[in-house]
Every structure is written in C-alpha cells, then in structure tokens.
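> What follows is a structure written as structure tokens; I'll ask about it next.
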Amino acid sequence: MQISEQKVALIHYTLTNDAGEVLDKSEVNEPLVYLHGAGNIIPGLESALAGKQAGDTLNVVVAAAEAYGERHDGLVQEVPRDAFQGVEDIQAGMRFQAQTDNGPVSVVVSSVTEQTVTVDGNHPLAGQQLTFDVEVVAVREANQEELAHGHPHGPAGDESH
Ligand code: ZN
C-alpha cells in the first residue's frame, strides 16, 4: 500500500540540521504515526513521502520555507523587564507564553539587560534547512473517526483522542 491521501503512515525518522546535529528522532519502538494529507507533519516531508510504501527509506532535504518557515525579525522584541514581574532570575534560553492579539505565542528569551528583555517568537527551527532520514514502517487505511478528526488514533487506529 502506498502513502496517499486518507492513509495513515508509521515512519521512523532522524532529523538533522545543516551542521549534522541530530535535533530529533523517533524512539526505537515508537515510530511517528501521521495521517497523510492532513498537515500533521511539515509540508516538505509530507510531499516527499507520497507514493512510498513500507520498507522504503529516503533522505529528504527540506528548505526552511517548506519546514518551519523563514525567520521574521518582527517576531523579535525588546520588552521592559517590568513585563516579567514575579520572575526572579530571567536568563537567555527561558521560555514564556506571551499574550498577543493573535492569542498566546511561545517565545524564548534571547538576551537580557538590566532594563530590558529581548524575546524571540520565531519557531526554534525557523530559517533552518532540515534533513530527514526516513524509513517507512507501515501504511494502512485511515478509519472514519481519524478522517473526521484529521489525525491518527495511534498505530492501529484504536486510541481515542
Ligand atoms: Zn481524534
């Protein structure tokens, strides 16, 4: 069975950046399960998997635009330290939820001065080209509930979400 719309695929993957660092990988006995065509995974990876079947291996290089998008300087903001009342020791690398007009956004602190804190609302992988080494483990039909929800219900489709 080939991967196409309305199929659920189980894949093992290793994600590396251009420096060759492993950023993420599936667990040995827990392949990633996704519903094809539903936007469960990044577009560049999803399109490369179309037509593949169990046992296929592929190496996919995904440009930033087809992965987590380009970086936007407008998402980097310097805010007064007062905005972090109640937080004792603000350091670069800390994550916060910022309330914006478009709802909560996850931001990471990129630098701190005595008066201000610079936060970055870009996805941590924005602007990066990503490489996936993928092995297709299994492909099955999605069931009606999975199609209605737009995501898989576990490897066998019998988990409820
Ligand atoms: Zn569901």
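The way I read the labels, and the way they are meant: chains A, B, ... in the order of the structure tokens, residue 1 as the first residue of every chain, and ligand 1 as the first ligand shown, with later ones counted on from there.
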To test your reading of the structure, identify every residue in segment 15-135 of chain A that backbone DSSP assigns to helix (DSSP H, G or I), and report it as a VMD selection string.

chain A and resid 43 to 49 64 to 66 73 to 75 81 to 84

> Which residues are near Ala38 of chain A? Cut-off 10 Å, only C-alpha atoms, ignore same chain within fewer than 5 positions. Put them as a CSV table (one decimal) with C-alpha atoms, in the first residue's frame.


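Final output, result34.csv:
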chain,number,residue,atom,x,y,z
A,5,GLU,CA,-4.5,10.9,1.0
A,6,GLN,CA,-6.5,9.2,3.7
A,7,LYS,CA,-3.7,6.7,4.6
A,43,PRO,CA,4.8,20.1,4.1
A,46,GLU,CA,4.8,15.1,3.7
A,147,LEU,CA,-10.5,11.2,8.9
A,149,HIS,CA,-10.5,14.4,13.4
A,150,GLY,CA,-7.7,15.0,11.0
A,151,HIS,CA,-5.2,13.0,12.9
A,152,PRO,CA,-4.3,9.3,13.6

> Set out as a tab-separated table a contact list for segment 4-92 of chain A and segment 123-138 of chain A with a cut-off of 9 Å, giving each residue of segment 4-92 of chain A that qualifies its closest atom pair and distance in Å to one decimal, counting only C-alpha atoms, ordered by chain and rising residue number.


residue	atom	partner	partner_atom	distance
A:Val8	CA	A:Ala138	CA	8.3
A:Ala9	CA	A:Ala138	CA	5.8
A:Leu10	CA	A:Ala138	CA	5.1
A:Ile11	CA	A:Val136	CA	4.5
A:His12	CA	A:Glu135	CA	5.2
A:Tyr13	CA	A:Val134	CA	4.4
A:Thr14	CA	A:Asp133	CA	5.2
A:Leu15	CA	A:Phe132	CA	4.7
A:Thr16	CA	A:Thr131	CA	5.2
A:Asn17	CA	A:Leu130	CA	5.1
A:Asp18	CA	A:Gln129	CA	6.6
A:Gly20	CA	A:Thr131	CA	8.8
A:Pro31	CA	A:Val137	CA	7.6
A:Leu45	CA	A:Phe132	CA	7.8
A:Leu49	CA	A:Val136	CA	8.6
A:Lys52	CA	A:Val136	CA	7.4
A:Gln53	CA	A:Val136	CA	6.3
A:Ala54	CA	A:Ala138	CA	4.8
A:Gly55	CA	A:Val136	CA	5.4
A:Asp56	CA	A:Val136	CA	5.4
A:Thr57	CA	A:Glu135	CA	4.3
A:Leu58	CA	A:Val134	CA	5.2
A:Asn59	CA	A:Asp133	CA	4.6
A:Val60	CA	A:Phe132	CA	5.1
A:Val61	CA	A:Thr131	CA	4.4
A:Val62	CA	A:Leu130	CA	5.2
A:Ala63	CA	A:Gln129	CA	4.6
A:Ala64	CA	A:Gln129	CA	4.8
A:Ala65	CA	A:Gly127	CA	7.5
A:Glu66	CA	A:Gln129	CA	8.8
A:Ala67	CA	A:Leu130	CA	7.3
A:Tyr68	CA	A:Ala126	CA	4.9
A:Gly69	CA	A:Ala126	CA	5.1
A:Glu70	CA	A:Gly127	CA	4.2
A:Arg71	CA	A:Gly127	CA	4.9
A:His72	CA	A:Ala126	CA	8.5

> Write out, as CSV, each residue of chain A that has an atom at most 12 Å from ligand 1, together with the closest pair of atoms and their distance in Å to one decimal, counting only C-alpha atoms and all ligand atoms, rows going by chain and rising number.


residue,atom,partner,partner_atom_place_in_ligand_line,distance
A:Tyr34,CA,ligand 1,1 (Zn),11.7
A:Leu35,CA,ligand 1,1 (Zn),11.0
A:Ala142,CA,ligand 1,1 (Zn),11.6
A:Asn143,CA,ligand 1,1 (Zn),10.7
A:Gln144,CA,ligand 1,1 (Zn),10.3
A:Glu145,CA,ligand 1,1 (Zn),6.9
A:Glu146,CA,ligand 1,1 (Zn),5.9
A:Leu147,CA,ligand 1,1 (Zn),8.7
A:Ala148,CA,ligand 1,1 (Zn),7.8
A:His149,CA,ligand 1,1 (Zn),4.8
A:Gly150,CA,ligand 1,1 (Zn),7.1
A:His151,CA,ligand 1,1 (Zn),6.0
A:Pro152,CA,ligand 1,1 (Zn),6.7
A:His153,CA,ligand 1,1 (Zn),6.0
A:Gly154,CA,ligand 1,1 (Zn),9.4
A:Gly157,CA,ligand 1,1 (Zn),9.5
A:Asp158,CA,ligand 1,1 (Zn),10.1
A:Glu159,CA,ligand 1,1 (Zn),8.2
A:Ser160,CA,ligand 1,1 (Zn),5.8
A:His161,CA,ligand 1,1 (Zn),4.0

> Between A:Thr116, A:Asn29, A:Gln2, A:Ser47, single out the one closest to Phe84 of chain A, counting only C-alpha atoms.

A:Thr116

> Out of chain A, which residues get strand (DSSP E or B) from DSSP, as a PyMOL selection string?

chain A and resi 7-16+22-25+27+30+32-35+57-62+76-80+95-100+103-112+116-120+130-141

> List the spatial neighbours of Thr118 of chain A as a VMD selection string - criterion: any atom at most 7 Å away, only C-alpha atoms, same-chain residues fewer than 6 positions off excluded.

chain A and resid 76 to 79 109 to 112

> Restricted to N, CA and C atoms, what would the selected residues look like written as a PDB file, in the first residue's frame?


ATOM      1  N   VAL A  76      11.014  39.340  16.896  1.00  0.00           N
ATOM      2  CA  VAL A  76      11.988  39.583  17.959  1.00  0.00           C
ATOM      3  C   VAL A  76      11.669  40.939  18.575  1.00  0.00           C
ATOM      4  N   GLN A  77      11.443  40.955  19.873  1.00  0.00           N
ATOM      5  CA  GLN A  77      11.032  42.206  20.517  1.00  0.00           C
ATOM      6  C   GLN A  77      11.789  42.426  21.810  1.00  0.00           C
ATOM      7  N   GLU A  78      12.087  43.703  22.050  1.00  0.00           N
ATOM      8  CA  GLU A  78      12.698  44.091  23.308  1.00  0.00           C
ATOM      9  C   GLU A  78      11.582  44.619  24.196  1.00  0.00           C
ATOM     10  N   VAL A  79      11.419  44.038  25.358  1.00  0.00           N
ATOM     11  CA  VAL A  79      10.352  44.470  26.262  1.00  0.00           C
ATOM     12  C   VAL A  79      10.958  44.859  27.602  1.00  0.00           C
ATOM     13  N   VAL A 109      13.642  33.698  25.496  1.00  0.00           N
ATOM     14  CA  VAL A 109      14.454  34.857  25.841  1.00  0.00           C
ATOM     15  C   VAL A 109      15.791  34.733  25.122  1.00  0.00           C
ATOM     16  N   SER A 110      16.145  35.748  24.310  1.00  0.00           N
ATOM     17  CA  SER A 110      17.422  35.670  23.604  1.00  0.00           C
ATOM     18  C   SER A 110      18.512  36.479  24.294  1.00  0.00           C
ATOM     19  N   SER A 111      18.140  37.562  24.988  1.00  0.00           N
ATOM     20  CA  SER A 111      19.154  38.279  25.768  1.00  0.00           C
ATOM     21  C   SER A 111      18.489  39.124  26.845  1.00  0.00           C
ATOM     22  N   VAL A 112      19.265  39.504  27.839  1.00  0.00           N
ATOM     23  CA  VAL A 112      18.734  40.231  28.993  1.00  0.00           C
ATOM     24  C   VAL A 112      19.703  41.349  29.359  1.00  0.00           C
TER      25      VAL A 112
END

> For Glu114 of chain A, work out the shell of residues within 12 Å, counting only C-alpha atoms and skipping chain neighbours fewer than 5 positions away, then give it as a VMD selection string.

chain A and resid 79 to 82 89 to 91

> Record the distance separating atom CA of Ala50 of chain A and atom CA of Val22 of chain A, expressed in Å with one decimal.

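Taking atom CA of Ala50 of chain A and atom CA of Val22 of chain A, their separation equals 24.2 Å.
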
> State, in Å with one decimal place, the distance from atom CA of Ala156 of chain A to atom CA of Glu30 of chain A.

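For atom CA of Ala156 of chain A relative to atom CA of Glu30 of chain A, the distance reads 12.3 Å.
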
> Atom CA of Glu21 of chain A to atom CA of Asp73 of chain A: how many Å, to one decimal?

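For atom CA of Glu21 of chain A relative to atom CA of Asp73 of chain A, the distance reads 24.6 Å.
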
> Identify which of the residues A:Leu75, A:Glu27, A:Gly93, A:His36 lies closest to Glu141 of chain A, counting only C-alpha atoms when measuring atom-to-atom distances.

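Going through A:Leu75, A:Glu27, A:Gly93, A:His36 one by one, the smallest distance to Glu141 of chain A is for A:His36.
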